[in-house]
Structure formats: C-alpha cells, structure tokens
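> The structure's right below; bear with me while I get my questions together.
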Amino acid sequence: MLTEDGLEALVGALLRRGYRVIGPTVREGAIVLDEISSAAELPVGWTAEQEAGSYRLRRRADRARFGWAVGPHSAKRLLFPPSERLLSVRRSRGGLVVHGGVAQMPPQALLGARPCDLAAIAVQDRVLLGGAWADPAYQARRERLFVVAVNCGEAGGTCFCVSMGTGPAATAGFDLVLTELIDPDRGQPSYLIRAGTPAGQEVLAELAGRAATPAEVEAAAEVVARTAQSMGRRLDTAGLHQVLTGQPEHPRWQEVATRCLTCANCTLVCPTCFCHTVEDTSDLSGEHAERWRRWDSCFTLDFSYVHGGSVRPSVRARYRQWLTHKLATWIDQFGTSGCVGCGRCITWCPVGIDITEEVRALRGPGGSA
Amino acid sequence: MAARPRRRPRVAVWKFASCDGCQLSLLDCEDELLAVAGAVDIAYFPEASSRMGRGPFDLSLVEGSVTTPHDVERIQRVRRLSRYLVTIGACATAGGIQALRNFRDVKEFIGVVYARADYIGTLARSSAISEHVPVDFELRGCPINKRQLLEVVSAFLAGRRPTVPAHSVCVECKLAGTVCVMVAQGTPCLGPVTHAGCGALCPRYRRGCYGCYGPMETPNTAALAAGWQRLGARRPELLRVFRSFNAGAEPFVLESRRHEEG
C-alpha cells in the first residue's frame, strides 16, 4: 500500500531513472496527458462528467487523483505521435544526402493508463509491430515505455469497456498497477500497488509502502466491481460482424451521414486508429526536402484519394468504412476488435454521434438481407 | 547536378478588391524574406516596390475579389501573362467580406452613400477570381498563413503539389492536443466545417473558430448548425456566423440562407 506521499515517491523514482513522466493533469478544462514533474500536478479532487458530445470538469468531495474516466488524450500520443519527421534530404555536390532513422529521445513513463488504454496499446502493437514490417519509430518508443496503470474506480458516462472485455480492471500490459482506495470519512486516498514486470518490481522495491491487508485487497476488488456495474454505455457484440458487413445498404448509414460532420475528431481521439499520411515538403531554395508522417483519418477525402478522385466521396461511405473497420473487419485483419470501449469517440464528437447507438440502430429494421 | 535553375522564376503580386493583408503576409515573412528574394525575381509587387516589371510571369499571386467591370478585364490580362495563377485569401477565393453585397441591392447602397451615382462603376456581386479565369491553386484564409504561402510558392517552384490539406480545423486541434472548446466548454465553434490552415489559432486561445479559412472539403453545415442550436444559438446568430469573410463561399451561402427570417 502507498499513501498520498507514496505517489510522489513513485514519480520521483521514475524521474531518477531518466523517464519523461507523462501523467494526467488539468488543462484547458479537461484532464489531459502532459509531462509532469510532481504528483502534485495530478488532478487532485477532480472528476469529469461525460456524455455524447459533452465533457465537463467537476469538483469531487474527496482528494482522489484518479476519480475520473479517460480524457481526450491517449497513449497513442506518446507512442505514435501526431507528426514526426521520417527523413530529411539535402542536396550536395556528390548528390543527395539522406538523413533518416529514429530520433533519440528520453524513455517515457505513462502514469495513470487505464485498462482500456492498455488494451489499445496492445491493439496498436499488433498493427504496428505484429506484421512482417515493424515500425521502427514506434518500436523504439514502445520498448522503452514504462506503464503505471490504474484500475478504474469511476465509470464515465460514455464508457463501455465491459462490453468490449477490456476493463475496468487491468490484467496485463503494465509494469505497475494501482487501485485507488478512498477513506470514506476523510476523503483521503491510499493506493494498492502491484508489479506486473521485473522493471515494475524494481521500482516498487524503492517505495516505502507496507503490505496490504486482506480487507484492503477485497476493497480494491470491490472498487472495480462497482465500476463494472456503472458503465455509461453498452455495446452488444454478438453477431456484430455480420450486422455491419452484411448490410451496406441499411438506411441508418444514410441517416447518420446527415449528422456526421466528417471532421475526423472520432478517429483522432480513438486510441487505436493508426491511419496516417506521408507528406513531402521542399524549401524555397530546392536544396532541402523533408518527409513527414502525420495522423490522418478515413474521414478526409485525401485519405482515400487515388488517381481520378476519392474512393469514398460520400459521408455515408466514410462513416460506414470507419464503423465497419473498427468493429468488424479489424478482426479479420488483426485478430481483435479495433474498439476498446473507452467512449472517446462518443464524448469528443462535436455533435454527439454515439457508436453504441449507431450499432443498436443498425441491428434494427431497414437492412436488406 | 544543377543546384539552381539558371533563371530565377519571375513572380508578380496583384491586388483586386481587398484590404492588402494577404500580400502583406509575403512581407511578414521576415526571416524567410531573403530566401524568397533569393529564390525568385519579384518582378511586379506595387505594395512593396515601385519597380513595375512587365510580363510574362512564372507565378502570379492574386489577392482580392472581382467587384468592378475594370476588374473583369484586368484579371483576363493577368491570366494571359501568368504561367501559374494562385489566388490568395478569402477575397480572391470566395469574394471576401465585400460579398455581403451579394445578398442585397447594391444600387440602393450607391443611392444612399454617393451624391452622384453615375460616378460609381461597380458590379452587383463580389466574386472569386476562379469565377472569371482558370486558377491553378487557391490558398485560403483571412488573412492567409505565411507558412502556407511559403509552402505554396516552394511547391510551385519545385513543380509539386502544395501540402495544404482541405480537412477540418478539428484535425489541427487534435494534432496540437488542444482540448475541444465545443465539447469541453459548450462554446460554439465553426472548426468542424472550416478549412484547416491557421493551426487552430482561436481554439488554442479557448475561443470558437470564426471560419476565416472558409468551408472545408465536405462541410456538413446543417449538422453543425443543429449542434449550435443545441448549445443555445439562435437563427440570427447562425445567419451572421456564416456571413463573414467567406460569406460568398457556396456552402456558407446556402447555410446562411437557411437562417434568414421569413
């Protein structure tokens, strides 16, 4: 068990090991992921109310650090950054000089990863490392990542990890895992902590904790059981592959297209969406060129542009592509669903399109067999 | 390998009905200005130089909209003199703020404002350059972003497509990690229907997007307007937000008409 001060010791131990510590902190009206240098920067006594298209920070009555569900950022930002330079080319007398390779940067420690975040990292690992060609930049960051997971003590209004089998308890993919226990009288948290890897064990050994009592272990199990009971959303996955791939002409696709902005927010907040574009630039002198990779989305026209035009010019086609890939054909491609039930696409859609609601409607009448 | 073309490409900067802010973006390049001057021969740029070079030009940057019969003739001449013609800014690409006249009777304005209406030679509409001549590339913004201008000039010099994505401003917010003002604050924002390019300047300062870059590639303005109404916006406000710098852009014309009284 760790006390509140124990969290500070944990951050200190990670910093001493040379990690850049990335943790949840309050900024711009939300709990975001950012570099922190002290546990004091964690969202002490904050929570967030989440609904389709709405997120509001709220004060809690206690001093919980992790009394909230996921925010707008995910581990994707750390491992697969929004944009990165792949190579630069300079003209010289002898021809072109190419500089490539993975930029050196300090290893990162992610503090406060949720079970759905761990599931999302596992999905991205399959996509970016699992095939014949591992992505070297992702691999370099992934291998050096230290993960402090936190079991969920609070389900968000748009959470449905129980439906996707990814939470609210962490089972794998972490170096350390915390469960926050709140003293009901004093509102003071303490933390049940457990190591999942030798690297986690090493850090844990440095922290001045004490062994948990059987009552505390039981209380931690109750925390996640209670969270599992209070999921904001549900998504029925039974027979879903056929529901989505078997009804390309279901009228719901057209109906959702009238509401969808094609703004790409859902795909960019999604912790598993990995689609990107590669852009080449050259400077005015024509002496120097660079190649950059940046996040793209199946909702942009450029994304499916081939000679002559975009393959999916209609909103209907783009929404159908995203939902069908995420929940059905992702399984054919990578052996797992592309959805981890974090609810970010629901909360951060400016007009509140709800993936669970769309699936429910697509199960309804109107489809052709 | 030839490091440099023998002759520097000749560039002209033209002004039509506009505030000059977009051509000033070229002078704002400060750090890059010497590189620009080194890479191209700025042969005609009355805003910056009294040198009035004659055509033909390899690249013409055209600012401003067409609002007079004289403009209609002049843009034909600019086109004839230019190998590539790139329009810069909301006036040149969508008619600008002066396209508000398109929704009213200009003759009536003239009668109210001027003592002698017959001295005034103006058109009923303010229109984008592309309505009059073929345009090789349209760079959006009110004003344009100087980084994007340098990218477009560099791309035309290198003979490649400019990297100027037509997706929403939302993508720029998400790349930067900016928290959505519409979702987290309930602040109405035009970002989801607006063309990227500014780097999501207003949301970075916790303001809603004003739509300075005009409609994105597939703007669903009706769905966004419904979202604004759920946040409390009324029809007069919706009419106004779609009638600003890009009032003359077709998707914004259609959306603003939906919110007219009557």
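Here, A, B, ... name the chains of the structure tokens in the order displayed, residue numbers run from 1 inside each chain, and ligands are numbered from 1 in the same displayed order.
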Give me, as a PyMOL selection string, all polymer residues having an atom no more than 12 Å from Met52 of chain B, counting only C-alpha atoms and skipping those fewer than 6 positions away in the same chain.
chain B and resi 11-14+42-46
> How about saving the chosen residues, all heavy atoms kept, as a compact mmCIF listing (two decimals), in the first residue's frame?

# COMPACT_ATOMS: atom_id res chain seq x y z
N VAL B 11 8.02 36.40 -60.40
CA VAL B 11 6.78 36.37 -59.62
C VAL B 11 6.12 37.75 -59.64
O VAL B 11 6.81 38.76 -59.56
CB VAL B 11 7.06 35.93 -58.17
CG1 VAL B 11 5.81 36.08 -57.30
CG2 VAL B 11 7.56 34.49 -58.13
N ALA B 12 4.80 37.77 -59.79
CA ALA B 12 4.04 39.02 -59.71
C ALA B 12 2.99 38.89 -58.61
O ALA B 12 2.48 37.79 -58.35
CB ALA B 12 3.35 39.30 -61.04
N VAL B 13 2.72 40.00 -57.94
CA VAL B 13 1.69 40.02 -56.90
C VAL B 13 0.65 41.06 -57.30
O VAL B 13 1.00 42.24 -57.49
CB VAL B 13 2.28 40.36 -55.52
CG1 VAL B 13 1.20 40.28 -54.43
CG2 VAL B 13 3.44 39.43 -55.17
N TRP B 14 -0.59 40.64 -57.47
CA TRP B 14 -1.65 41.52 -57.98
C TRP B 14 -2.69 41.76 -56.90
O TRP B 14 -2.98 40.88 -56.11
CB TRP B 14 -2.35 40.87 -59.17
CG TRP B 14 -1.44 40.46 -60.27
CD1 TRP B 14 -0.79 39.26 -60.39
CD2 TRP B 14 -1.05 41.23 -61.41
NE1 TRP B 14 -0.04 39.23 -61.52
CE2 TRP B 14 -0.18 40.43 -62.17
CE3 TRP B 14 -1.36 42.52 -61.86
CZ2 TRP B 14 0.40 40.87 -63.37
CZ3 TRP B 14 -0.80 42.95 -63.05
CH2 TRP B 14 0.08 42.14 -63.79
N ILE B 42 11.08 38.96 -57.80
CA ILE B 42 9.78 39.59 -57.58
C ILE B 42 9.68 40.77 -58.54
O ILE B 42 10.14 41.87 -58.26
CB ILE B 42 9.59 39.99 -56.10
CG1 ILE B 42 9.67 38.73 -55.24
CG2 ILE B 42 8.23 40.67 -55.91
CD1 ILE B 42 9.58 38.96 -53.76
N ALA B 43 9.08 40.52 -59.69
CA ALA B 43 9.15 41.45 -60.81
C ALA B 43 8.06 42.52 -60.74
O ALA B 43 8.22 43.61 -61.27
CB ALA B 43 9.04 40.68 -62.12
N TYR B 44 6.96 42.18 -60.10
CA TYR B 44 5.84 43.13 -60.04
C TYR B 44 5.16 42.97 -58.69
O TYR B 44 4.57 41.91 -58.41
CB TYR B 44 4.87 42.85 -61.19
CG TYR B 44 3.66 43.76 -61.21
CD1 TYR B 44 3.71 45.02 -61.81
CD2 TYR B 44 2.46 43.35 -60.64
CE1 TYR B 44 2.60 45.85 -61.82
CE2 TYR B 44 1.34 44.17 -60.65
CZ TYR B 44 1.41 45.42 -61.24
OH TYR B 44 0.31 46.23 -61.25
N PHE B 45 5.28 43.97 -57.83
CA PHE B 45 4.70 43.89 -56.48
C PHE B 45 4.54 45.34 -55.99
O PHE B 45 5.33 45.82 -55.18
CB PHE B 45 5.63 43.08 -55.57
CG PHE B 45 5.08 42.77 -54.19
CD1 PHE B 45 3.76 43.08 -53.84
CD2 PHE B 45 5.88 42.12 -53.26
CE1 PHE B 45 3.27 42.77 -52.57
CE2 PHE B 45 5.40 41.81 -51.99
CZ PHE B 45 4.09 42.14 -51.65
N PRO B 46 3.53 46.07 -56.53
CA PRO B 46 3.41 47.51 -56.23
C PRO B 46 3.33 47.81 -54.73
O PRO B 46 3.77 48.89 -54.31
CB PRO B 46 2.11 47.91 -56.93
CG PRO B 46 1.90 46.87 -57.98
CD PRO B 46 2.48 45.62 -57.45
> Please report, as a VMD selection string, each residue of segment 25-261 of chain B to which DSSP assigns strand (DSSP E or B) when run on this structure's backbone.
chain B and resid 41 to 44 52 57 to 63 65 to 66 82 to 88 127 137 to 139 168 194 to 195 215
> Show me, as a ChimeraX atom specification, the residues that have an atom within 9 Å of Phe299 of chain A when counting only C-alpha atoms, minus same-chain residues fewer than 5 positions from it.
/A:262-264,267,304,312,315,318-319,321-322 /B:167
> For Cys19 of chain B, please output as a VMD selection string all residues within 12 Å (counting only C-alpha atoms; exclusion window: fewer than 2 positions along the same chain).
chain B and resid 15 to 17 21 to 25 47 63 to 65 89 to 92 96 to 98 142 to 143 245
> Write down, as a PyMOL selection string, each residue of chain A that has any atom within 6 Å of an atom of chain B, counting only C-alpha atoms.
chain A and resi 53-56+82+259+261+263+283-285+300+350-351
> Taking 6 positions as the minimum chain separation for residues in the same chain, which residues sit within 12 Å of Leu79 of chain A when counting only C-alpha atoms? Answer as number ranges by chain.
A: 22, 105, 107-110, 117, 120-122, 124-125, 128-129, 135-147, 271-272, 274
> Report the distance between atom CA of Thr3 of chain A and atom CA of Ala113 of chain A in Å, rounded to one decimal place.
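The value is 19.3 Å.
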> Nearest to Gln229 of chain A among A:Cys161, A:Leu78, A:Cys260, A:Ile36, with distances taken over only C-alpha atoms: which residue is it?
A:Cys161
> Which residues are near Arg320 of chain A? Cut-off 9 Å, only C-alpha atoms, ignore same chain within fewer than 3 positions. Put them as a PyMOL selection string.
chain A and resi 244+248+253+315-317+323-325
> Would you export the selected residues with C-alpha atoms as a CSV table (one decimal), in the first residue's frame, please?

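Okay, this is what ended up in again-v8.csv:
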chain,number,residue,atom,x,y,z
A,244,LEU,CA,-22.1,-4.4,-40.2
A,248,PRO,CA,-24.1,-2.0,-46.7
A,253,TRP,CA,-25.9,4.7,-42.9
A,315,VAL,CA,-20.2,10.8,-46.0
A,316,ARG,CA,-22.2,7.6,-45.8
A,317,ALA,CA,-19.4,5.7,-47.3
A,323,LEU,CA,-17.5,1.8,-38.1
A,324,THR,CA,-17.3,-1.4,-40.1
A,325,HIS,CA,-13.5,-1.5,-39.9
> Taking 4 positions as the minimum chain separation for residues in the same chain, which residues sit within 9 Å of Ala221 of chain A when counting only C-alpha atoms? Answer as a PyMOL selection string.
chain A and resi 169+179+216-217+225-226
> Could you take the residues named above and write them with N, CA and C atoms, as a compact mmCIF listing (two decimals), in the first residue's frame?

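The result, stored in selection-v9.txt:
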# COMPACT_ATOMS: atom_id res chain seq x y z
N ALA A 169 -10.72 -3.59 -14.91
CA ALA A 169 -9.53 -3.98 -14.17
C ALA A 169 -8.42 -4.32 -15.16
N THR A 179 -4.63 0.64 -7.49
CA THR A 179 -6.07 0.80 -7.27
C THR A 179 -6.22 1.86 -6.19
N GLU A 216 -8.09 -4.72 2.55
CA GLU A 216 -7.77 -3.73 1.51
C GLU A 216 -7.77 -4.37 0.12
N VAL A 217 -7.27 -5.59 0.05
CA VAL A 217 -7.29 -6.30 -1.24
C VAL A 217 -8.74 -6.51 -1.69
N ALA A 225 -15.41 -3.84 -9.23
CA ALA A 225 -16.71 -4.49 -9.43
C ALA A 225 -17.81 -3.43 -9.51
N ARG A 226 -17.69 -2.42 -8.65
CA ARG A 226 -18.68 -1.34 -8.64
C ARG A 226 -18.61 -0.55 -9.97
> Could you check which of A:Cys116, A:Leu15, A:Ala103, A:Val21 is closest to Ser74 of chain A, using only C-alpha atoms?
A:Cys116
> List every residue of segment 194-269 of chain A that DSSP, applied to the backbone, labels as helix (DSSP H, G or I), and write the result as a PyMOL selection string.
chain A and resi 198-206+214-229+240-245+251-259+265-269
> I'd like the interatomic distance between atom CA of Asp31 of chain B and atom CA of Arg54 of chain B, to a tenth of an Å.
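Those two atoms sit 27.9 Å apart.
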> Which residue, B:Ile75, B:Leu123, B:Val106, B:Leu26, has the smallest gap to Val135 of chain B when you use only C-alpha atoms?
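So, comparing all the options, the nearest one is B:Ile75.
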